[in-house]
Every structure is written in C-alpha cells, then in structure tokens.
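Colleague: Contents of protein-v5.txt (compact mmCIF, C-alpha atoms) are given next:
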# COMPACT_ATOMS: atom_id res chain seq x y z
CA MET A 977 0.00 0.00 0.00
CA SER A 978 1.28 3.46 -0.91
CA LYS A 979 2.56 5.79 1.74
CA ARG A 980 0.69 9.08 1.73
CA VAL A 981 2.79 12.24 1.61
CA MET A 982 1.65 15.75 2.45
CA VAL A 983 3.82 18.33 0.66
CA VAL A 984 4.12 21.71 2.35
CA ASP A 985 5.86 24.21 0.08
CA ASP A 986 4.96 27.54 -1.47
CA SER A 987 7.06 26.80 -4.55
CA ARG A 988 5.33 25.40 -7.63
CA LEU A 989 8.72 24.28 -8.91
CA VAL A 990 9.27 22.08 -5.87
CA ARG A 991 5.73 20.70 -5.91
CA VAL A 992 6.15 19.64 -9.54
CA GLN A 993 9.61 18.20 -8.88
CA LEU A 994 8.35 16.18 -5.91
CA GLY A 995 5.51 14.85 -8.02
CA ASP A 996 8.02 13.75 -10.67
CA VAL A 997 10.38 12.12 -8.21
CA LEU A 998 7.64 10.18 -6.43
CA GLU A 999 5.96 8.94 -9.59
CA GLY A 1000 6.22 5.16 -9.83
CA THR A 1001 7.35 4.77 -6.23
CA ASP A 1002 5.52 3.51 -3.16
CA TYR A 1003 4.66 7.08 -2.23
CA GLU A 1004 1.68 9.11 -3.35
CA ILE A 1005 1.07 12.78 -2.80
CA ALA A 1006 -2.04 13.06 -0.65
CA ALA A 1007 -2.12 16.85 -0.33
CA TYR A 1008 -0.29 20.02 -1.20
CA CYS A 1009 -0.18 22.89 1.27
CA ARG A 1010 1.23 26.29 0.44
CA SER A 1011 1.88 27.44 3.99
CA GLY A 1012 2.53 26.27 7.52
CA GLU A 1013 -0.92 27.41 8.57
CA ASP A 1014 -2.49 25.38 5.78
CA ALA A 1015 -0.51 22.30 6.83
CA ILE A 1016 -1.68 22.56 10.44
CA ALA A 1017 -5.26 22.98 9.29
CA GLN A 1018 -5.15 20.03 6.88
CA TYR A 1019 -3.10 17.53 8.87
CA ASP A 1020 -6.04 16.00 10.77
CA GLU A 1021 -8.06 15.47 7.64
CA VAL A 1022 -5.22 14.18 5.45
CA LYS A 1023 -3.55 12.00 8.10
CA PRO A 1024 -0.39 11.56 6.00
CA ASP A 1025 2.28 8.94 6.63
CA LEU A 1026 4.93 11.56 5.93
CA VAL A 1027 5.14 15.34 5.60
CA THR A 1028 7.72 17.21 3.53
CA MET A 1029 8.09 20.69 4.97
CA ASP A 1030 9.76 23.72 3.40
CA ILE A 1031 11.35 26.04 5.95
CA ILE A 1032 11.12 29.54 4.51
CA MET A 1033 7.56 30.29 3.49
CA GLN A 1034 5.24 33.27 3.56
CA GLY A 1035 3.62 33.55 6.99
CA MET A 1036 4.49 30.84 9.50
CA ASP A 1037 7.78 29.14 8.69
CA GLY A 1038 8.20 25.39 8.40
CA LEU A 1039 9.97 24.98 11.73
CA ASP A 1040 7.16 26.64 13.69
CA ALA A 1041 4.54 24.70 11.74
CA SER A 1042 6.37 21.42 12.39
CA GLU A 1043 6.58 22.16 16.09
CA ILE A 1044 2.82 22.72 16.28
CA ILE A 1045 2.01 19.63 14.23
CA LEU A 1046 4.30 17.47 16.37
CA LYS A 1047 2.77 18.80 19.59
CA GLN A 1048 -0.68 17.89 18.32
CA HIS A 1049 0.44 14.67 16.60
CA PRO A 1050 3.61 13.30 18.21
CA GLU A 1051 3.51 10.39 15.78
CA ALA A 1052 3.89 12.72 12.76
CA ARG A 1053 6.90 12.07 10.55
CA ILE A 1054 8.24 15.27 9.08
CA VAL A 1055 11.13 15.70 6.66
CA MET A 1056 12.43 19.24 6.21
CA VAL A 1057 13.14 20.21 2.58
CA SER A 1058 15.00 23.46 2.14
CA SER A 1059 17.54 25.22 -0.03
CA LEU A 1060 18.99 27.23 2.82
CA ALA A 1061 19.94 25.48 6.02
CA TYR A 1062 22.65 26.20 8.51
CA ASP A 1063 23.79 24.19 11.49
CA ASP A 1064 21.42 25.96 13.88
CA THR A 1065 18.50 25.18 11.56
CA PHE A 1066 19.47 21.50 11.51
CA GLU A 1067 19.76 21.54 15.30
CA ARG A 1068 16.38 23.17 15.77
CA ALA A 1069 14.72 20.81 13.29
CA LYS A 1070 16.19 17.83 15.13
CA ALA A 1071 15.18 19.25 18.52
CA ILE A 1072 11.62 19.73 17.33
CA GLY A 1073 11.53 16.13 16.20
CA ALA A 1074 11.96 16.31 12.42
CA LYS A 1075 12.97 12.92 11.02
CA GLY A 1076 15.23 14.10 8.24
CA PHE A 1077 16.58 16.89 6.13
CA VAL A 1078 16.82 17.20 2.33
CA ASP A 1079 18.51 20.00 0.39
CA LYS A 1080 16.84 21.62 -2.60
CA PRO A 1081 17.18 20.80 -5.39
CA PHE A 1082 16.94 17.14 -4.47
CA HIS A 1083 17.76 13.98 -6.33
CA ARG A 1084 15.43 11.01 -6.40
CA GLU A 1085 17.71 8.54 -4.61
CA GLN A 1086 18.59 11.03 -1.90
CA LEU A 1087 14.95 11.88 -1.25
CA LEU A 1088 13.76 8.27 -1.17
CA LYS A 1089 16.56 7.29 1.20
CA VAL A 1090 15.58 10.05 3.65
CA PHE A 1091 11.89 9.06 3.35
CA GLU A 1092 12.74 5.44 4.07
CA GLU A 1093 14.79 6.38 7.12
CA ALA A 1094 12.05 8.72 8.37
CA LEU A 1095 9.49 5.94 8.25
CA CYS A 1096 11.61 3.35 10.06
CA MET B 625 31.32 37.98 -1.22
CA ASN B 626 33.88 37.19 1.41
CA THR B 627 37.34 38.63 1.19
CA ALA B 628 38.68 35.60 3.07
CA LEU B 629 37.79 33.48 0.06
CA ALA B 630 39.90 33.62 -3.07
CA ARG B 631 38.03 34.86 -6.09
CA GLU B 632 38.80 31.64 -7.96
CA GLU B 633 37.22 29.62 -5.15
CA LEU B 634 34.16 31.86 -5.13
CA GLU B 635 33.82 31.51 -8.90
CA ARG B 636 34.12 27.74 -8.57
CA ILE B 637 31.34 27.64 -5.94
CA LEU B 638 29.03 29.81 -8.04
CA ASP B 639 29.73 27.88 -11.25
CA GLN B 640 29.14 24.52 -9.59
CA ALA B 641 25.85 25.74 -8.12
CA VAL B 642 24.63 27.22 -11.43
CA GLN B 643 25.37 24.03 -13.35
CA ASP B 644 23.98 21.61 -10.74
CA VAL B 645 20.81 23.52 -9.92
CA THR B 646 20.01 24.28 -13.55
CA GLU B 647 20.35 20.68 -14.63
CA CYS B 648 18.51 19.32 -11.61
CA THR B 649 15.57 21.73 -11.66
CA ALA B 650 15.21 22.45 -15.37
CA GLY B 651 16.99 19.64 -17.19
CA VAL B 652 19.18 22.13 -19.03
CA ARG B 653 22.95 21.82 -19.23
CA LEU B 654 24.74 25.14 -19.21
CA HIS B 655 28.32 25.47 -20.37
CA GLN B 656 30.59 28.36 -19.68
CA GLY B 657 31.35 30.30 -22.82
CA SER B 658 31.53 33.77 -24.24
CA GLN B 659 28.07 34.17 -25.73
CA SER B 660 26.22 37.07 -24.13
CA PRO B 661 22.42 37.11 -24.00
CA GLY B 662 20.68 38.81 -26.93
CA GLU B 663 18.20 41.69 -26.93
CA ASP B 664 15.18 39.85 -25.56
CA LEU B 665 16.22 39.06 -22.03
CA CYS B 666 15.10 38.98 -18.42
CA THR B 667 16.89 39.59 -15.18
CA VAL B 668 16.37 38.07 -11.77
CA GLN B 669 18.23 39.41 -8.80
CA ILE B 670 18.72 38.95 -5.08
CA THR B 671 20.55 41.03 -2.48
CA PHE B 672 22.18 39.59 0.60
CA ASP B 673 20.87 41.45 3.64
CA ARG B 674 22.81 39.45 6.23
CA GLY B 675 26.24 37.85 6.09
CA PHE B 676 27.44 39.42 2.85
CA ARG B 677 26.93 42.82 1.28
CA THR B 678 26.59 41.75 -2.30
CA SER B 679 23.99 40.93 -4.85
CA LEU B 680 23.69 38.18 -7.42
CA THR B 681 22.03 38.70 -10.76
CA LEU B 682 21.08 36.35 -13.55
CA CYS B 683 20.53 37.99 -16.90
CA ALA B 684 19.34 35.47 -19.47
CA ASP B 685 17.73 35.17 -22.88
CA THR B 686 13.97 34.99 -22.47
CA GLY B 687 13.97 31.93 -24.74
CA LEU B 688 16.36 30.08 -22.45
CA LEU B 689 14.32 30.87 -19.35
CA CYS B 690 11.15 29.82 -21.18
CA ARG B 691 12.73 26.46 -22.08
CA MET B 692 13.77 25.97 -18.49
CA ALA B 693 10.30 26.90 -17.21
CA SER B 694 8.64 24.65 -19.77
CA ASN B 695 10.81 21.69 -18.72
CA SER B 696 10.28 22.32 -15.04
CA PHE B 697 6.53 22.90 -15.09
CA HIS B 698 5.83 20.37 -17.88
CA GLU B 699 3.95 23.05 -19.79
CA GLU B 700 4.35 23.38 -23.56
CA SER B 701 3.61 27.06 -23.52
CA VAL B 702 4.86 29.35 -20.82
CA SER B 703 2.88 32.45 -19.91
CA PRO B 704 4.60 35.63 -18.72
CA GLU B 705 3.36 34.78 -15.21
CA ASP B 706 4.85 31.27 -15.45
CA LEU B 707 8.14 32.74 -16.64
CA GLU B 708 8.35 35.15 -13.72
CA GLU B 709 7.27 32.51 -11.20
CA PHE B 710 9.79 29.99 -12.49
CA SER B 711 12.64 32.51 -12.69
CA LYS B 712 12.16 33.62 -9.11
CA GLU B 713 11.79 30.11 -7.71
CA TYR B 714 14.76 28.78 -9.67
CA PHE B 715 16.94 31.68 -8.58
CA ASN B 716 15.80 31.29 -4.98
CA VAL B 717 16.91 27.65 -4.97
CA LEU B 718 20.16 28.55 -6.76
CA CYS B 719 21.04 31.30 -4.29
CA GLY B 720 20.10 29.08 -1.36
CA ARG B 721 22.54 26.48 -2.68
CA ILE B 722 25.22 29.17 -3.02
CA ALA B 723 24.59 30.52 0.49
CA GLY B 724 24.86 26.97 1.85
CA ALA B 725 28.15 26.38 0.03
CA MET B 726 29.46 29.74 1.24
CA PHE B 727 28.53 28.81 4.79
CA GLN B 728 30.49 25.58 4.49
CA ALA B 729 33.50 27.55 3.23
CA THR B 730 33.37 30.56 5.56
CA GLN B 731 31.03 29.71 8.48
CA VAL B 732 29.21 32.97 7.71
CA PRO B 733 25.44 32.44 7.73
CA ALA B 734 23.79 34.60 5.10
CA HIS B 735 20.27 35.70 4.36
CA PHE B 736 19.02 37.16 1.11
CA SER B 737 15.99 39.07 -0.05
CA PRO B 738 13.26 37.40 -2.11
CA PRO B 739 14.23 37.36 -5.80
CA VAL B 740 13.04 40.24 -7.95
CA PHE B 741 12.24 39.74 -11.62
CA TYR B 742 12.70 42.32 -14.37
CA ARG B 743 11.98 42.30 -18.08
CA GLY B 744 15.18 43.42 -19.80
CA ARG B 745 18.54 44.06 -18.21
CA TYR B 746 18.75 45.39 -14.68
CA GLU B 747 21.84 46.68 -12.91
CA PRO B 748 21.56 47.16 -9.13
CA GLU B 749 22.19 50.75 -8.12
CA GLY B 750 25.26 51.67 -6.09
CA SER B 751 27.13 48.54 -7.02
CA GLU B 752 29.73 47.41 -9.46
CA VAL B 753 30.39 44.15 -11.19
CA GLN B 754 33.05 42.11 -9.44
CA PHE B 755 32.91 39.28 -11.92
CA MET B 756 30.59 37.65 -14.38
CA LEU B 757 30.16 34.05 -15.53
CA THR B 758 28.77 33.61 -19.02
CA TYR B 759 26.85 30.50 -20.08
CA SER B 760 25.03 29.05 -23.00
CA ASP B 761 22.90 25.96 -23.54
CA GLU B 762 22.76 23.60 -26.50
CA ASN B 763 20.19 25.84 -28.20
CA CYS B 764 22.56 28.80 -27.99
CA GLY B 765 20.55 30.57 -25.31
CA GLY B 766 22.83 32.84 -23.36
CA ALA B 767 22.96 33.77 -19.70
CA GLN B 768 25.19 35.85 -17.48
CA PHE B 769 25.54 35.25 -13.79
CA ILE B 770 26.83 38.44 -12.25
CA HIS B 771 28.35 39.08 -8.84
CA HIS B 772 27.90 42.70 -7.78
CA VAL B 773 29.57 44.34 -4.81
CA PRO B 774 28.72 47.73 -3.30
CA CYS B 775 30.64 50.67 -4.73
CA PHE B 776 33.40 51.91 -2.48
CA ASP B 777 32.28 54.55 0.02
CA GLU B 778 34.03 56.39 2.84
CA ASP B 779 32.62 54.15 5.61
CA ASP B 780 33.47 50.96 3.80
CA THR B 781 36.99 49.98 3.12
CA VAL B 782 36.21 46.35 2.42
CA SER B 783 33.63 45.44 -0.16
CA GLY B 784 31.98 42.09 0.11
CA ASN B 785 31.40 40.71 3.56
CA GLU B 786 30.04 42.40 6.69
Using the file provided, produce a representation of the structure as structure tokens.

Modeller:
Amino acid sequence: MSKRVMVVDDSRLVRVQLGDVLEGTDYEIAAYCRSGEDAIAQYDEVKPDLVTMDIIMQGMDGLDASEIILKQHPEARIVMVSSLAYDDTFERAKAIGAKGFVDKPFHREQLLKVFEEALC
Amino acid sequence: MNTALAREELERILDQAVQDVTECTAGVRLHQGSQSPGEDLCTVQITFDRGFRTSLTLCADTGLLCRMASNSFHEESVSPEDLEEFSKEYFNVLCGRIAGAMFQATQVPAHFSPPVFYRGRYEPEGSEVQFMLTYSDENCGGAQFIHHVPCFDEDDTVSGNE
C-alpha cells in the first residue's frame, strides 16, 4: 500500500519536482499545502504517513509549523526540505523532532533514502 | 562575497551551483562560454541582507528561461506569469545552494531578499560588477551570472562581507 505524503511548500517548482520524483514509487502525494498554517489545518483530515516541509515560506515558517504539528500529533513524521539550512537550523529541526533533512534541489535517490529512514 | 575566500574559489562555488541547480531543476545543461544574452532578455536578482553585502544577478535570454520553465513545469507554452514565477523560484533555490556552500567555506550564515524579476537588463544601483560568468545551452541561449559588490564609500573599506 502506498505511503501518503503531504507536501508543504509555497514553490510550484518544488511541488512539480516532488511529483516527478515520487511517480512510480511507493509514495503518493495526498495533499499540497502552500503554507505552515495550511498544513496545520489540513493535517487532521489528510492524516499523512509523511510530511515534507519547506522552511522559509510566507507567513508561519516550516519549523514553527512542524513544532505545532508534532505537539498535536507526536507520531507525525516530518522531513524538512530546504535550499537554505545552517547548522542551527538542523539543530532546531532535530530538537523539534523532524525525522530528516533534504537539500533543494533534491535527487530522487537522496529523497527516497531520507523518506525510508524517516518511516523506520 | 567574502574577502577571506579567493576569487577563484568563489567563482568555482558559483559555477558549480549554477550548473547543478540548472540541470537538476530544469533539465538544461549550461556550459561556460563567451556568448552574451541577446536583446530579448530577463533579469532576476537577489541582495544579501545578512552575512554578505553583495547581490547576485542572472541575466538570461527569455527563450532560455522559457525552455527551463517549460521543462520544469511540464507546460508546452509558458505564460509571462509562469516565466516570472519559475525565474524567481529557480533563482531562490540557486542562491540558497550558493549561500549553503558559502557557509560551508566561511562559516558565515547569510540571508538574502526574495528574488526580484525584471523584463530586460537590470543593474543594481550603487554597485559594481566584481565578476561575471557567461553561459550558453545547447540551443545557444545565453545567460550571465553576475556578482555585484557595493561601490566603495568612505565608511566601507572592504567590499563584500560584513
């Protein structure tokens, strides 16, 4: 059975690229959210197996949104996907409880490996 | 960007990022060359507002950016809105990759403004070109990736980093 992924990113480019990369895999995109607020609102309804979360977005950033989702749903598995990440960002993401980190632009193998590890 | 980094090293970081990000996001291979963009071109630009006092500009043939947008969005025709959206998102990812590579090299965390898109050529005010990398693709579309630094002023004896 496919694993359901909720993609949280305000970039159309990334949403299309994720769709391409996940095509033909055991993952299906269950929902797209364009903001952290949208992700929090949709999480309950979508109930994804995995969330990919951009960090820098309009409005609430991905770290704050992840923190809220994980407080409400400690079982949530969130992978941060960002083009700009420094050590303190990695540390905060890990402290919040993110399960992995992927740089943009991502390659298929790299993304699938992080997904697999996040779901272990 | 950072005076502690040799210009050759900085050029290498920028070139690597341009080639990797362009191929990965748009499926287009760019090669360094001497062909400047033609008359019909667009510019996308960011300014570092933390870490470095520089700006990065991509000035490219509209046709090249349209091909990249078409590949990325899987759309045969690219509207002006698509072109602007793609150019800004592509450049945002590219500059994020560059800022990450610069952080690895210098330990200076940087932050940059959202990309701004212009029809035609745009030169940031109060700055001068430090160097320029020129590219073309297999369809002879040209692009210039330009590193601008602030013009010398009396309070600033070092251009580049904060």

Colleague: Which one of A:Ile1045, A:Leu1026, A:Met982, A:Val990 sits closest to chain B if you count only C-alpha atoms?

Modeller: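 Answer, going by the shortest atom-to-atom distance: A:Val990.
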
Colleague: Using only C-alpha atoms, which residues of chain A come within 8 Å of chain B, and what is the closest atom pair for each, with the distance in Å to one decimal? Give it as JSON lines, sorted by chain and residue number.

Modeller:
{"residue": "A:Ser987", "atom": "CA", "partner": "B:Glu713", "partner_atom": "CA", "distance": 6.6}
{"residue": "A:Arg988", "atom": "CA", "partner": "B:Phe697", "partner_atom": "CA", "distance": 8.0}
{"residue": "A:Leu989", "atom": "CA", "partner": "B:Ser696", "partner_atom": "CA", "distance": 6.6}
{"residue": "A:Val992", "atom": "CA", "partner": "B:Phe697", "partner_atom": "CA", "distance": 6.4}
{"residue": "A:Gln993", "atom": "CA", "partner": "B:Ser696", "partner_atom": "CA", "distance": 7.4}
{"residue": "A:Ser1059", "atom": "CA", "partner": "B:Gly720", "partner_atom": "CA", "distance": 4.8}
{"residue": "A:Leu1060", "atom": "CA", "partner": "B:Gly720", "partner_atom": "CA", "distance": 4.7}
{"residue": "A:Ala1061", "atom": "CA", "partner": "B:Gly724", "partner_atom": "CA", "distance": 6.6}
{"residue": "A:Tyr1062", "atom": "CA", "partner": "B:Pro733", "partner_atom": "CA", "distance": 6.9}
{"residue": "A:Lys1080", "atom": "CA", "partner": "B:Val717", "partner_atom": "CA", "distance": 6.5}
{"residue": "A:Pro1081", "atom": "CA", "partner": "B:Val645", "partner_atom": "CA", "distance": 6.4}
{"residue": "A:Phe1082", "atom": "CA", "partner": "B:Cys648", "partner_atom": "CA", "distance": 7.6}
{"residue": "A:His1083", "atom": "CA", "partner": "B:Cys648", "partner_atom": "CA", "distance": 7.5}

Colleague: So which one's closest to Thr667 of chain B, B:Gln768, B:Ser694, B:Ser679, B:Gln643? Using only C-alpha atoms, please.

Modeller: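 Closest residue, counting only C-alpha atoms: B:Gln768.
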
Colleague: Specify the axis-aligned box that encloses all atoms of segment 1072-1086 of chain A listed in the file after padding of 8 Å on each side, stating its centre and edge lengths in Å to one decimal as JSON.

Modeller:
{"center_x": 15.1, "center_y": 15.1, "center_z": 5.5, "size_x": 23.1, "size_y": 29.1, "size_z": 39.7}

Colleague: Work out how far atom CA of Gly995 of chain A is from atom CA of Tyr1019 of chain A, in Å to one decimal.

Modeller: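 Calculated distance between atom CA of Tyr1019 of chain A and atom CA of Gly995 of chain A is 19.1 Å.
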
Colleague: If you count only C-alpha atoms, which residues fall within 8 Å of Phe736 of chain B, apart from same-chain ones fewer than 6 positions away, as a ChimeraX atom specification?

Modeller: /B:670-674

Colleague: Write out the residues from the selection above, keeping C-alpha atoms, as a compact mmCIF listing (two decimals), in the frame of the given file.

Modeller:
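And here is the file that came out, selection29.txt:
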# COMPACT_ATOMS: atom_id res chain seq x y z
CA ILE B 670 18.72 38.95 -5.08
CA THR B 671 20.55 41.03 -2.48
CA PHE B 672 22.18 39.59 0.60
CA ASP B 673 20.87 41.45 3.64
CA ARG B 674 22.81 39.45 6.23

Colleague: So, counting only C-alpha atoms, which residue among A:Leu1087, A:Glu1043, A:Glu1093, A:Arg1053 is closest to Pro1024 of chain A?

Modeller: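 Nearest to Pro1024 of chain A: A:Arg1053.
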
Colleague: Could you tell me which of A:Val983, A:Cys1096, A:Ile1031, A:Ala1069 comes closest to Gln1018 of chain A if we count all atoms listed in the file?

Modeller: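 When distances to Gln1018 of chain A are compared using all atoms listed in the file, the smallest one comes from A:Val983.
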
Colleague: Just give me the gap between atom CA of Gly662 of chain B and atom CA of Ala767 of chain B in Å, one decimal is fine.

Modeller: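 Here the two named atoms are 9.1 Å from each other.
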
Colleague: Between atom CA of Asp639 of chain B and atom CA of Phe1077 of chain A, measure the distance and give it in Å to one decimal.

Modeller: 24.4 Å

Colleague: May I have the residues at most 12 Å from (7.5, 6.0, -1.8) in the file's coordinates, counting all atoms listed in the file, as a ChimeraX atom specification?

Modeller: /A:977-981,994-1006,1025-1026,1084-1085,1087-1095

Colleague: With C-alpha atoms kept, could you save the residues just selected as an mmCIF file, in the coordinates of the input?

Modeller:
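Output saved as part-v2.cif:
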data_model
loop_
_atom_site.group_PDB
_atom_site.id
_atom_site.type_symbol
_atom_site.label_atom_id
_atom_site.label_comp_id
_atom_site.auth_asym_id
_atom_site.auth_seq_id
_atom_site.Cartn_x
_atom_site.Cartn_y
_atom_site.Cartn_z
ATOM 1 C CA MET A 977 0.000 0.000 0.000
ATOM 2 C CA SER A 978 1.280 3.460 -0.910
ATOM 3 C CA LYS A 979 2.560 5.790 1.740
ATOM 4 C CA ARG A 980 0.690 9.080 1.730
ATOM 5 C CA VAL A 981 2.790 12.240 1.610
ATOM 6 C CA LEU A 994 8.350 16.180 -5.910
ATOM 7 C CA GLY A 995 5.510 14.850 -8.020
ATOM 8 C CA ASP A 996 8.020 13.750 -10.670
ATOM 9 C CA VAL A 997 10.380 12.120 -8.210
ATOM 10 C CA LEU A 998 7.640 10.180 -6.430
ATOM 11 C CA GLU A 999 5.960 8.940 -9.590
ATOM 12 C CA GLY A 1000 6.220 5.160 -9.830
ATOM 13 C CA THR A 1001 7.350 4.770 -6.230
ATOM 14 C CA ASP A 1002 5.520 3.510 -3.160
ATOM 15 C CA TYR A 1003 4.660 7.080 -2.230
ATOM 16 C CA GLU A 1004 1.680 9.110 -3.350
ATOM 17 C CA ILE A 1005 1.070 12.780 -2.800
ATOM 18 C CA ALA A 1006 -2.040 13.060 -0.650
ATOM 19 C CA ASP A 1025 2.280 8.940 6.630
ATOM 20 C CA LEU A 1026 4.930 11.560 5.930
ATOM 21 C CA ARG A 1084 15.430 11.010 -6.400
ATOM 22 C CA GLU A 1085 17.710 8.540 -4.610
ATOM 23 C CA LEU A 1087 14.950 11.880 -1.250
ATOM 24 C CA LEU A 1088 13.760 8.270 -1.170
ATOM 25 C CA LYS A 1089 16.560 7.290 1.200
ATOM 26 C CA VAL A 1090 15.580 10.050 3.650
ATOM 27 C CA PHE A 1091 11.890 9.060 3.350
ATOM 28 C CA GLU A 1092 12.740 5.440 4.070
ATOM 29 C CA GLU A 1093 14.790 6.380 7.120
ATOM 30 C CA ALA A 1094 12.050 8.720 8.370
ATOM 31 C CA LEU A 1095 9.490 5.940 8.250
#

Colleague: Excluding Val1055 of chain A and residues on its chain fewer than 5 positions from it, collect all residues at most 6 Å away from it, counting all atoms listed in the file, and give them as a short mmCIF file (atom, residue, chain, number, x, y, z; two decimals) with C-alpha atoms, in the frame of the given file.

Modeller:
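Contents of part38.cif, freshly written:
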data_model
loop_
_atom_site.label_atom_id
_atom_site.label_comp_id
_atom_site.auth_asym_id
_atom_site.auth_seq_id
_atom_site.Cartn_x
_atom_site.Cartn_y
_atom_site.Cartn_z
CA THR A 1028 7.72 17.21 3.53
CA ALA A 1074 11.96 16.31 12.42
CA LYS A 1075 12.97 12.92 11.02
CA GLY A 1076 15.23 14.10 8.24
CA PHE A 1077 16.58 16.89 6.13
#

Colleague: Would you please work out which residue, of A:Gly1012, A:Leu1046, A:Ala1007, A:Lys1070, is nearest to Asp1030 of chain A when using only C-alpha atoms?

Modeller: A:Gly1012

Colleague: Smallest atom-to-atom distance to Ser737 of chain B: which of A:Ala1071, A:Cys1009, A:Ala1017, A:Ile1032, using all atoms listed in the file?

Modeller: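 For Ser737 of chain B, the nearest of the candidates is A:Ile1032.
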
Colleague: Find the residues around Glu752 of chain B up to 7 Å (all atoms listed in the file counted), leave out those fewer than 4 positions away in its own chain, and share them as a PyMOL selection string.

Modeller: chain B and resi 772-775

Colleague: Could you name the residues that touch Gly687 of chain B at 8 Å or less, counting all atoms listed in the file, but leaving out those on the same chain fewer than 3 positions away, as a list in words?

Modeller: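 Listing them by chain and then by number gives Leu665, Cys690, Arg691 and Gly765 of chain B.
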
Colleague: Any chance you can output those residues with C-alpha atoms as a PDB file, in the coordinates of the input?

Modeller:
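Output file selection.pdb follows:
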ATOM      1  CA  LEU B 665      16.220  39.060 -22.030  1.00  0.00           C
ATOM      2  CA  CYS B 690      11.150  29.820 -21.180  1.00  0.00           C
ATOM      3  CA  ARG B 691      12.730  26.460 -22.080  1.00  0.00           C
ATOM      4  CA  GLY B 765      20.550  30.570 -25.310  1.00  0.00           C
TER       5      GLY B 765
END
